[in-house]
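Text of query18.cif (mmCIF, C-alpha atoms, pLDDT in the B column; chains and numbers go by the auth columns) as supplied:
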data_work
#
loop_
_atom_site.group_PDB
_atom_site.id
_atom_site.type_symbol
_atom_site.label_atom_id
_atom_site.label_comp_id
_atom_site.label_asym_id
_atom_site.label_seq_id
_atom_site.Cartn_x
_atom_site.Cartn_y
_atom_site.Cartn_z
_atom_site.B_iso_or_equiv
_atom_site.auth_seq_id
_atom_site.auth_asym_id
ATOM 1 C CA MET A 1 -31.657 99.757 176.039 81.00 153 A
ATOM 2 C CA LYS A 2 -29.080 97.625 177.781 85.00 154 A
ATOM 3 C CA ALA A 3 -26.285 98.164 180.269 87.00 155 A
ATOM 4 C CA GLY A 4 -23.370 99.939 178.586 89.00 156 A
ATOM 5 C CA ASP A 5 -25.549 102.003 176.225 92.00 157 A
ATOM 6 C CA ARG A 6 -25.253 105.790 176.279 95.00 158 A
ATOM 7 C CA VAL A 7 -28.697 107.136 177.148 96.00 159 A
ATOM 8 C CA VAL A 8 -30.611 110.254 177.971 96.00 160 A
ATOM 9 C CA VAL A 9 -33.448 109.940 180.493 95.00 161 A
ATOM 10 C CA ARG A 10 -35.927 112.717 181.233 96.00 162 A
ATOM 11 C CA TYR A 11 -37.540 112.253 184.620 96.00 163 A
ATOM 12 C CA ARG A 12 -39.614 114.131 187.166 96.00 164 A
ATOM 13 C CA LEU A 13 -38.053 115.411 190.400 93.00 165 A
ATOM 14 C CA PRO A 14 -39.964 115.367 193.722 91.00 166 A
ATOM 15 C CA THR A 15 -40.654 119.107 193.182 93.00 167 A
ATOM 16 C CA GLY A 16 -42.524 118.293 189.957 91.00 168 A
ATOM 17 C CA GLN A 17 -39.839 119.772 187.705 95.00 169 A
ATOM 18 C CA ALA A 18 -38.291 117.667 184.941 96.00 170 A
ATOM 19 C CA THR A 19 -34.567 117.072 184.495 94.00 171 A
ATOM 20 C CA ASP A 20 -32.331 114.937 182.298 94.00 172 A
ATOM 21 C CA ALA A 21 -29.678 112.345 183.060 95.00 173 A
ATOM 22 C CA LEU A 22 -27.153 111.767 180.260 95.00 174 A
ATOM 23 C CA GLY A 23 -24.581 109.009 180.510 95.00 175 A
ATOM 24 C CA MET A 24 -23.952 105.285 180.454 95.00 176 A
ATOM 25 C CA LEU A 25 -26.724 102.977 181.574 96.00 177 A
ATOM 26 C CA VAL A 26 -25.255 100.931 184.422 95.00 178 A
ATOM 27 C CA SER A 27 -28.297 98.801 185.208 94.00 179 A
ATOM 28 C CA ALA A 28 -32.033 98.600 184.697 92.00 180 A
ATOM 29 C CA ASP A 29 -34.765 96.518 186.268 92.00 181 A
ATOM 30 C CA GLY A 30 -38.515 96.800 186.690 89.00 182 A
ATOM 31 C CA THR A 31 -38.286 99.627 189.219 94.00 183 A
ATOM 32 C CA THR A 32 -35.014 101.539 188.756 94.00 184 A
ATOM 33 C CA LEU A 33 -32.536 102.748 186.132 94.00 185 A
ATOM 34 C CA VAL A 34 -28.990 103.648 187.145 96.00 186 A
ATOM 35 C CA VAL A 35 -27.198 106.147 184.885 96.00 187 A
ATOM 36 C CA ASP A 36 -23.531 107.115 185.319 95.00 188 A
ATOM 37 C CA GLY A 37 -23.243 110.722 184.124 91.00 189 A
ATOM 38 C CA LYS A 38 -21.582 114.041 184.985 89.00 190 A
ATOM 39 C CA ARG A 39 -23.370 114.159 188.341 90.00 191 A
ATOM 40 C CA GLY A 40 -22.215 110.640 189.240 93.00 192 A
ATOM 41 C CA LEU A 41 -24.527 107.665 189.610 95.00 193 A
ATOM 42 C CA GLU A 42 -28.181 108.638 189.359 94.00 194 A
ATOM 43 C CA ARG A 43 -30.827 106.174 190.509 95.00 195 A
ATOM 44 C CA ILE A 44 -34.074 106.935 188.713 95.00 196 A
ATOM 45 C CA ALA A 45 -37.400 105.333 189.604 95.00 197 A
ATOM 46 C CA VAL A 46 -39.131 103.935 186.519 95.00 198 A
ATOM 47 C CA ALA A 47 -42.371 105.580 187.720 95.00 199 A
ATOM 48 C CA ASP A 48 -40.699 109.033 187.432 95.00 200 A
ATOM 49 C CA ILE A 49 -39.445 108.588 183.850 95.00 201 A
ATOM 50 C CA ILE A 50 -41.068 110.792 181.216 96.00 202 A
ATOM 51 C CA ALA A 51 -38.919 109.678 178.253 96.00 203 A
ATOM 52 C CA ALA A 52 -35.736 107.722 177.619 94.00 204 A
ATOM 53 C CA LYS A 53 -33.693 106.833 174.571 95.00 205 A
ATOM 54 C CA GLN A 54 -30.313 105.614 173.438 94.00 206 A
ATOM 55 C CA VAL A 55 -28.039 108.344 172.047 94.00 207 A
ATOM 56 C CA PRO A 56 -24.851 108.231 169.958 91.00 208 A
ATOM 57 C CA PRO A 57 -21.384 108.565 171.498 87.00 209 A
ATOM 58 C CA PRO A 58 -20.227 112.107 172.280 83.00 210 A
ATOM 59 C CA PRO A 59 -18.397 113.932 169.466 83.00 211 A
ATOM 60 C CA ALA A 60 -14.610 113.661 169.437 86.00 212 A
ATOM 61 C CA ARG A 61 -12.686 116.494 171.084 85.00 213 A
ATOM 62 C CA ARG A 62 -10.903 118.924 168.798 83.00 214 A
#

Represent the structure of the file as structure tokens.
Amino acid sequence: MKAGDRVVVRYRLPTGQATDALGMLVSADGTTLVVDGKRGLERIAVADIIAAKQVPPPPARR
């Protein structure tokens, strides 16, 4: 994955629950991913990530 890719990242919250971030990958380094999605910029610690993958663009509106 590289900056500009559309991604989905499943990660663990401090409560232990899992949640997803869907959006454009803004940046990634050895400790943090930054995803720009519906909830704004989400900074996700690499240690909290359960799964991540690149996804296709959203379907066109009708």

I need the residue nearest Val159 of chain A from this list: A:Thr171, A:Arg214, A:Leu177, A:Lys190. Use only C-alpha atoms for the distance.
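When distances to Val159 of chain A are compared using only C-alpha atoms, the smallest one comes from A:Leu177.
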
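Look at segment 193-200 of chain A: the protein and nucleic acid residues within 6 Å of it, using all atoms listed in the file and passing over chain neighbours fewer than 3 places away, are Tyr163, Arg164, Thr183, Thr184, Leu185, Val186, Val187 and Asp188 of chain A.
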
As a count of residues only, please: the residues near Asp172 of chain A (cut-off 7 Å, all atoms listed in the file, same-chain neighbours under 6 positions excluded).
4

Tell me which of A:Lys205, A:Lys154, A:Gly192, A:Pro166 sits closest to Ala180 of chain A, counting all atoms listed in the file.
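Checking each of A:Lys205, A:Lys154, A:Gly192, A:Pro166 against Ala180 of chain A, counting all atoms listed in the file, the winner is A:Lys154.
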
With distances taken over only C-alpha atoms, which of A:Leu174, A:Arg191, A:Gly156, A:Gly182 is nearest to Ala204 of chain A?
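Ranking A:Leu174, A:Arg191, A:Gly156, A:Gly182 by distance to Ala204 of chain A, first place goes to A:Leu174.
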
Size and centre in Å, one decimal, axis-aligned box, all listed segment 155-158 of chain A atoms plus 4 Å per side, as JSON:
{"center_x": -24.8, "center_y": 102.0, "center_z": 178.2, "size_x": 10.9, "size_y": 15.6, "size_z": 12.0}

Gap from atom CA of Pro209 of chain A to atom CA of Arg158 of chain A - Å, one decimal
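According to the coordinates, atom CA of Pro209 of chain A and atom CA of Arg158 of chain A are separated by 6.7 Å.
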
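Straight-line separation from atom CA of Gly189 of chain A to atom CA of Ile202 of chain A: 18.1 Å.
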
Grab the atom CA of Gly168 of chain A to atom CA of Ala203 of chain A distance for me, in Å with one decimal place.
15.0 Å

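The nearest approach to Val207 of chain A among the residues A:Ala170, A:Ala155, A:Leu165, A:Met176, with only C-alpha atoms taken into account, belongs to A:Met176.
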